[in-house]
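A.B. asks: What follows is a single structure, and I will ask about it in a moment.
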Amino acid sequence: MSLQLQISNLSKTYANGVQALKDVSLTIPTGMFGLLGPNGAGKSTLMRTIATLQEPDSGSITLGSIDVVRQKDDVRRILGYLPQEFGVYPKMSAEAMLSHFAVLKGLHDAKTRKEVVDALLHQTNLWEVRKLNLGGYSGGMRQRFGIAQALIGDPKLIIVDEPTAGLDPGERNRFHNLLAEIGENIIVILSTHIVEDVSDLCSQMAIISHGRVLLTGDPGKTIEAMKGRIWKKTIAKSELANCQETLAVISTRLVAGKTVVHVLSDSDPGDGFAEVDPDLEDVYFSTLSRAGEIAA
Amino acid sequence: MFAEIFKFELKFQLRQPIVWISMAIFCILTFFAITTDTVTIGGSIGAVNRNAPYVIVQILSIMSIIGVFVTTAFVANVVNRDFELNTHSLFFSTPMRRRDYLGGRFLGALAVAFLIFVPVAGSIWLGSLMPWLEPERIGPFMAAPYLYSLLFMVLPNLFFMSAVFFSLAALTRSVMYTYVGVVSFFVLYGVSQSMMADLDNQTIAALADPFGMAAFELTTKYWTVFERNGLTPGIFGPILVNRILWTVIGALIVLFTIRAFKFTAAPQGKAPKKKAEKGSDEMVTHIGTDSLAHLEASRSFGAGAQLRQYLRQASIELSSTLKSAPFIVLVLIGVLNIVGNSLALNQMFDTSIWPVTSAMIQVISGSFFLYVFIILVFFGGELVWKERQLKLNEVFDALPVPNWVIWASKMTALAAALFSLQAVAMLTSIVFQLSKGYSNIEAPVYLSGLFFDAGIAFLLMAVLSFFFQVLGSNKYLGFLLMTIFFISLIALRRIGLEHVLYRYAQVPSNPWSDMNGYGHFMQGMIAGYAYWTAIAAILMVVVHLFWVRGTESALGVRATLARRRLTRGPVSVLVVAGAIAAALGGWIFYNTNVVNKYVTQNALEEGQAEFEKKYKQYEGLAQPRVVAVNADVDLFPAERDANVRGSYVMKNKTSAPIGELHLWLNPLVKGRTITVPDATVRMADRKNGYTIYRLGKPLQPGETMTVTFDLAIRNDGFTNNRGVTNFVENGTFFNNYEWFPYVGYQSGSELVDTNKRRKYGLQPIQRMPKLGDPKWLGTNYLGSQSDWLTFETTVSTSADQIAIAPGYLQREWTGNGRRYFHYKMDSPILGFWSYLSARYTVKRDRWNDVAIEVYYHEPHAFNVDRMIESVKKSLDYYTKNFGPYQHKQVRIIEFPGYERFAQSFPNTIPYSEAIGFVARIEKPEDIDYVFYVTAHEVAHQWWAHQVIGAQMQGATVLSETLSQYSALMVMEKEYGKETMKRFLKFELESYLRGRGSELVAEMPLELVENQGYIHYRKGSLVMYALRDYMGEEALNRALAKFVNDHKFAEPPYPTSRDLLEYIRAEASPELQPVITDLFEKITIYENKATSAKATKRADGKWVVTVEVEAGKYYATSGGKEEPVKIGDLVDIGVLGPDPKDKVHGAPILYLEKKRIDQPKMKFEAVVDSEPAKAGIDPLNKLIDRNPEDNLKAVEKK
């Protein structure tokens, strides 16, 4: 039976008045799920709430038959969580700390625990440095350690928040491979503001901004829906203002010093615009800019 | 540039709330210290004005030391700020010079720190204007002490300490290490100060104290009330040198730091760690989750699993705590402190004691517990917030571990750390004991003292620390709350809230005695700790409910969570713990407030005042006097009960009929049947224990009557405060004043302190009737109820104990499983008798036909032989010089250290275990105070028990001063004059200091009003000097005659004036003014050698010329000194070089009394061998505040 995470009407307002989540409803099936949004969109709040670290003001989350808000311990038993930022006990070795986490995750048999820890150290390529104190780890090593700890205990729900920040492209690539392998049979929620991560990995996604879900679905299908509606043109910088006034510009980008604009239009805007094959980025930006219109 | 940075810093600091908060706190503290008696900071006592210059300087100096903690925050902030805010790269990349950057900031912070103290000084002035203060205790405004304190004490202190911590902060770049530095500094400061408390080192100590307090102390230690009220210490001598010294050192530290500071991002001295990233970059791409899938089965989350998680987490928390630098540093300092204080383990006269375990526990609690407290507060915060600080909390809190595992593991780690601290303290102490050749390691004493008593108290505080941390949700708030809690422990007591039921982690008073252990106090202690443990369990439930799990710290959300966490487990703990706390609290309340009376210090004083107000009117009322006492006393040590059945035969010795009998009986006596034949009760005041009987038929002059009494003394349960310690399991000791009926008014319980008396609307006390007041000549110093009486008693106790009372043992028998002793005195004694009972070991000896017996606690055998020796030597000297001993027996009986004194009853000397039984006299320079105290008490058999003074000024000259003199003579015979010189130095010191803490008025010796520093300390000096002037023989002749004429005399009783007549009769005419100066005046000398030169003659002899200055002053009772013309005979002396050992003084080459009648004089002496020092009064026989300058090193030509 495949597990499903059901988020219904989740809202959260912080004490300082910031409304981080507004009536968020999502259904997250088994597989990789990308959560895409700009900084401050509410991604981390949503992730933490699912990871039992934060309380929603209203709404519910269920994981299969588990009420996430009330049955925290049940969630924690099948959860692997890698927060965006995390520290370590600086004077402990990776091996010792993983082993300790394994105990805390319920792995009490010493022999099994050692097998699991050793396997994870190999998987995350920390085997050589397993005896070193974590305090001496580089950013990349530490991130790999984070992944290792999230994988202990065969989790059914893995939440990774901006996991590739601070990784070099090679490491990022390898990390994606690792996630993709795991993500076949369980729920993996990947929160990011990097569109590519989602398009590379996820079978389902949601775009959120200002605490609202703007779009959900299969990345491929959403791109499909954009077909024939994205137009691009290379313009001089001085033309940009005029262009933004008359057309629905969704993104501008510098290419070799020239400004390339993408606009959203159901028909050919003419004026030298050429149709392009949309990618996820176009979906993302058009979604955000539409939300901006609504807001305005 | 410099000015800009300085101004910027000043502005920056002034925007910091801590500046204003600390200023406010300091002002309030100071204001209350001046205007109330609740807050004391040094401060004024007795007749010293609330705003006396002395008080102002003292308060501001102490505040500047307290202020160091705040200053540290500023100064450490100056350097660390940029690193914490990551602005250092911005600053360091500007073209600023180090000197400007650091110097400007340092001075800016210092200026702010100093500015804080200006209003603090102002609040003293403001306080002194408050309308509710007694006008008598407010002196006129003087600017000098304020300016002096601010510029000369506060500023240099702030400068030096800021320099030290500025340097620490700059070089370590860590706030934590800076604070560890602060703590270490204070510890080392404390240790060095206590080690330098030795009399000989005072000048060095004065210079070595960076805060100048020791120098201030040295300058003012002998200041009298008058001087404290009028003088500001000058800017000269040790204070000046001290201030210059430490300011220069401070400046050097600042300069060094500025030079050594590097404008780099990394901490000094530590290169950023570069660890090569090992391992290939390849991540194994094929992993296969299925390879791990089979492990699923082996995960478990049951109770056993949770227990293992808890143990595992606890051991990690513990090892991280034990390995952390602040922990190790604090423990090391604490251990050093134990060693330091153990080395200074002495009680009297700088003479050490055996490091018995109970004494070592005292040392540990005085030197180590502060660090334990700091550790539990500091690590309470560290542990609670550890994951948060490491940013590990999100990972950690999402783990499938129940909440209790997390907090309980941390709590356990802290508890284990605390117990390991106690173990460290114990081991340190044991090593010390063994190194000192003491091998009787009393494990139960360690266990109960360190692990039970202190151990549980610390655990309870650790729980509180967690509670504050979790509920306050902020580490620093938690620290602050714990500090407030710590202060409140003291503060609550001071404002009269003394009950243990609301003072967290406090238990009913539980003093330890080697003889009695915790005795009956154990019951209250266990109940108290159990009660607080139940309360702590409730606190832990709150911790559980509010424990921050995840990222929610808003209190509202946590309250919601708490409600959700309030499941059956926590609820049942709450219910059970609440029920236990309520039951135990009720039980404690029942014991302290129902079975016993709960009496606060205030209530006690109020009661004293009330008693005086109601019954002082009856003082001196004609009453029949007790002439015969017969009592049956049954002691039940295990129950702490006693039954007293007895009778007083009373006689009307006046010339008029007596119609009323006034009897006082301790209100604590439970059962009381007093039969006064043929009398009715006119008034009975049960609360104050005062009853007035109207006699059916007035008692005619010369007639007698017999009053019988049957008293049941019950000490059930336990009390909040110490309560009654007369009746204990092993070591009963009580006297008739406290537990027998007393005839008439007793003035002994009157409040003495004028300020307290004023509070209760009482006039300043008249401590004693005026010397010669005919109304009181017929009453002796021991009270109005009797003159000489016959005494007979039977006392019974449990089978394993020996019971003792004055008199000779007539018969001893056992019956009903109890031991009975029948004592009878063969000659009349004064109305002062006692009972003792304990499991004693007895050592017996003889001197001629006098039996000597010492009853002691078996392990306290150290000095028993010394006591016996002293008894023998004393009997030898006293019988030879003063007259025969009236008894055939001397008994010394040890009693528990709840009181620290020895006391002389007829043929009976109770002697506290706390003074002398564990003294360790072994170094040649040690003062054998066991020998001295014993000789003093034996002397009382003459001075008090043969001759007793009339109840008036000077009475204690006849008992205490003469006993001091007698003991001095015995001691001199045994130990030689050099020892006496050292002993008298202590006596001079305590006399001069005593003057400064006088509560009412200093009296000349002849008029002494039971003032210890006069009748003991000055008494020793005066009698020793008198012996020197008159010669021992003449003086003893006078004393022998005095005894002979007055011993066992019925009224009228002799006075100090009578004694002086005997002395004057034996003294030559030229000594008469000397006697006047010694006894009838308060005479102070200021003698000094100004130059000493010597030339060697052809015949090998030396001619020494010495120039001296002499000053003589008469002081008023307030300490105001008036110079008077000198015309005295004073020693002029020449001494040889000091010998190598500390025991013997320099050989006296020349010593002659010369008439000193000019302020400056010159003398010449011829001596046989090479002189080293010469001067005036070289042996310090006269009372001189600067005895050191009496001698000057001889310049040789």
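Scheme for the structure tokens: letters A, B, ... for chains in order shown; per-chain residue numbers from 1; ligand numbers from 1 in order shown.
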What residues in chain A lie within 6 Å of chain B, counting only C-alpha atoms, written as an mmCIF file with N, CA and C atoms, in the first residue's frame?
C.D. replies:
```
data_model
loop_
_atom_site.group_PDB
_atom_site.id
_atom_site.type_symbol
_atom_site.label_atom_id
_atom_site.label_comp_id
_atom_site.auth_asym_id
_atom_site.auth_seq_id
_atom_site.Cartn_x
_atom_site.Cartn_y
_atom_site.Cartn_z
ATOM 1 N N LEU A 53 7.881 19.747 14.051
ATOM 2 C CA LEU A 53 8.629 20.720 14.844
ATOM 3 C C LEU A 53 7.834 21.982 15.085
ATOM 4 N N GLN A 54 6.719 22.112 14.404
ATOM 5 C CA GLN A 54 5.966 23.345 14.548
ATOM 6 C C GLN A 54 4.476 23.047 14.555
ATOM 7 N N ASP A 73 4.979 11.312 17.792
ATOM 8 C CA ASP A 73 5.938 10.224 17.950
ATOM 9 C C ASP A 73 5.813 9.198 16.830
ATOM 10 N N ARG A 76 7.549 10.589 13.866
ATOM 11 C CA ARG A 76 9.005 10.640 14.021
ATOM 12 C C ARG A 76 9.644 9.275 13.771
ATOM 13 N N ARG A 77 8.876 8.216 14.035
ATOM 14 C CA ARG A 77 9.448 6.882 13.857
ATOM 15 C C ARG A 77 9.702 6.557 12.400
ATOM 16 N N PHE A 86 21.879 22.958 9.932
ATOM 17 C CA PHE A 86 21.947 22.128 11.135
ATOM 18 C C PHE A 86 23.380 22.028 11.630
ATOM 19 N N GLY A 87 23.527 21.759 12.906
ATOM 20 C CA GLY A 87 24.847 21.624 13.504
ATOM 21 C C GLY A 87 25.075 20.196 13.957
ATOM 22 N N VAL A 88 26.202 20.008 14.603
ATOM 23 C CA VAL A 88 26.579 18.671 15.066
ATOM 24 C C VAL A 88 27.204 18.812 16.450
ATOM 25 N N LEU A 104 18.792 6.490 19.019
ATOM 26 C CA LEU A 104 17.631 7.350 19.245
ATOM 27 C C LEU A 104 16.522 7.047 18.241
ATOM 28 N N LYS A 105 16.914 6.469 17.105
ATOM 29 C CA LYS A 105 15.876 6.089 16.141
ATOM 30 C C LYS A 105 15.398 4.666 16.376
ATOM 31 N N GLY A 106 15.809 4.090 17.476
ATOM 32 C CA GLY A 106 15.233 2.803 17.875
ATOM 33 C C GLY A 106 16.031 1.591 17.459
ATOM 34 N N LEU A 107 17.213 1.803 16.915
ATOM 35 C CA LEU A 107 18.038 0.658 16.532
ATOM 36 C C LEU A 107 18.879 0.232 17.716
ATOM 37 N N GLN A 123 27.651 4.784 1.828
ATOM 38 C CA GLN A 123 26.753 5.425 0.866
ATOM 39 C C GLN A 123 27.032 6.904 0.710
ATOM 40 N N THR A 124 27.291 7.525 1.839
ATOM 41 C CA THR A 124 27.495 8.977 1.777
ATOM 42 C C THR A 124 28.973 9.302 1.662
ATOM 43 N N ASN A 125 29.753 8.250 1.419
ATOM 44 C CA ASN A 125 31.167 8.450 1.156
ATOM 45 C C ASN A 125 31.891 9.129 2.322
ATOM 46 N N GLU A 128 35.870 7.019 4.957
ATOM 47 C CA GLU A 128 37.275 7.331 5.239
ATOM 48 C C GLU A 128 37.435 8.287 6.416
#
```
A.B. asks: Produce a table with one row for each residue of region 30-132 of chain A that has an atom at most 8 Å from any atom of region 193-206 of chain A, each row naming the nearest atom pair and its distance in Å at one decimal; use only C-alpha atoms; arrange rows by chain and rising residue number; format as JSON lines.
C.D. replies:
```
{"residue": "A:Gly31", "atom": "CA", "partner": "A:Ser203", "partner_atom": "CA", "distance": 6.8}
{"residue": "A:Met32", "atom": "CA", "partner": "A:Cys202", "partner_atom": "CA", "distance": 4.8}
{"residue": "A:Phe33", "atom": "CA", "partner": "A:Gln204", "partner_atom": "CA", "distance": 4.9}
{"residue": "A:Gly34", "atom": "CA", "partner": "A:Met205", "partner_atom": "CA", "distance": 4.4}
{"residue": "A:Leu35", "atom": "CA", "partner": "A:Ala206", "partner_atom": "CA", "distance": 5.1}
{"residue": "A:Leu36", "atom": "CA", "partner": "A:His193", "partner_atom": "CA", "distance": 5.4}
{"residue": "A:Gly37", "atom": "CA", "partner": "A:His193", "partner_atom": "CA", "distance": 5.3}
{"residue": "A:Pro38", "atom": "CA", "partner": "A:His193", "partner_atom": "CA", "distance": 5.5}
{"residue": "A:Asn39", "atom": "CA", "partner": "A:His193", "partner_atom": "CA", "distance": 7.0}
```
A.B. asks: The selected residues should be written to file as a PDB file, in the first residue's frame (atoms: C-alpha atoms).
C.D. replies:
```pdb
ATOM      1  CA  GLY A  31       7.761   9.537  -4.866  1.00  0.00           C
ATOM      2  CA  MET A  32       9.759  12.711  -5.084  1.00  0.00           C
ATOM      3  CA  PHE A  33       7.751  15.824  -4.410  1.00  0.00           C
ATOM      4  CA  GLY A  34       9.261  19.219  -5.138  1.00  0.00           C
ATOM      5  CA  LEU A  35       8.257  22.223  -3.137  1.00  0.00           C
ATOM      6  CA  LEU A  36       9.255  25.272  -5.076  1.00  0.00           C
ATOM      7  CA  GLY A  37       9.055  28.845  -4.015  1.00  0.00           C
ATOM      8  CA  PRO A  38      11.057  31.990  -3.463  1.00  0.00           C
ATOM      9  CA  ASN A  39      12.786  32.721  -0.169  1.00  0.00           C
TER      10      ASN A  39
END
```
A.B. asks: If you count only C-alpha atoms, which residues fall within 12 Å of Ala914 (chain B), apart from same-chain ones fewer than 4 positions away, as a PyMOL selection string?
C.D. replies: chain B and resi 346-348+353-354+356+358-359+512-515+857+860+894-902+910+918-919+930
A.B. asks: As a list of chain:residue names, list the residues of region 917-1064 of chain B assigned to strand (DSSP E or B) by DSSP on the backbone atoms of this structure.
C.D. replies: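 Of region 917-1064 of chain B, the ones in strand (DSSP E or B) are B:Ala919, B:Trp943, B:Val947, B:Ala950.
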A.B. asks: Calculate how many Å separate CA of Leu427 (chain B) from CA of Phe458 (chain B), rounding to one decimal.
C.D. replies: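 That distance, rounded to one decimal, is 18.6 Å.
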A.B. asks: Could you pull the residues within 8 Å of region 959-971 of chain B, counting only C-alpha atoms, minus those fewer than 3 positions along the same chain, as a list in words?
C.D. replies: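 Counting only the stated atoms, we get Lys873, Ser874, Tyr877, Tyr878, Phe931, Tyr932, Val933, Ala935, His936, Glu937, Ala939, His940, Trp943, Ala944, Val947, Ile948, Gly949, Ala955, Thr956, Glu974, Tyr975, Gly976, Met980, His1015, Tyr1016, Gly1019, Ser1020, Met1023 and Tyr1024 of chain B.
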A.B. asks: When you look at Ile61 (chain A) with a cut-off of 6 Å (counting only C-alpha atoms), what residues show up, excluding the ones that are within fewer than 4 positions of it in the same chain? I need them as a list in words.
C.D. replies: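 In the requested form, the answer reads Gln6, Ile7 and Val68 of chain A.
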A.B. asks: Given the selection you just returned, output its residues as a file containing C-alpha atoms, formatted as a PDB file, in the first residue's frame.
C.D. replies:
```pdb
ATOM      1  CA  GLN A   6      -2.584  14.778   3.018  1.00  0.00           C
ATOM      2  CA  ILE A   7      -2.338  18.436   4.004  1.00  0.00           C
ATOM      3  CA  VAL A  68       0.811  14.382  12.182  1.00  0.00           C
TER       4      VAL A  68
END
```
A.B. asks: Skipping near chain neighbours, those fewer than 5 positions away, what residues fall within 7 Å of region 668-682 of chain B using only C-alpha atoms, listed as a list of chain:residue names?
C.D. replies: B:Ile692, B:Tyr693, B:Arg694, B:Leu695, B:Gly696, B:Val707, B:Thr708, B:Phe709, B:Asp710, B:Leu711, B:Ala712, B:Ile713, B:Arg714
A.B. asks: When distances are computed from only C-alpha atoms, which of A:Glu162, A:Asp154, A:Asp118, A:Asp271 shows the smallest separation from Gln84 (chain A)?
C.D. replies: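 Once distances to Gln84 (chain A) are computed over only C-alpha atoms, the minimum belongs to A:Glu162.
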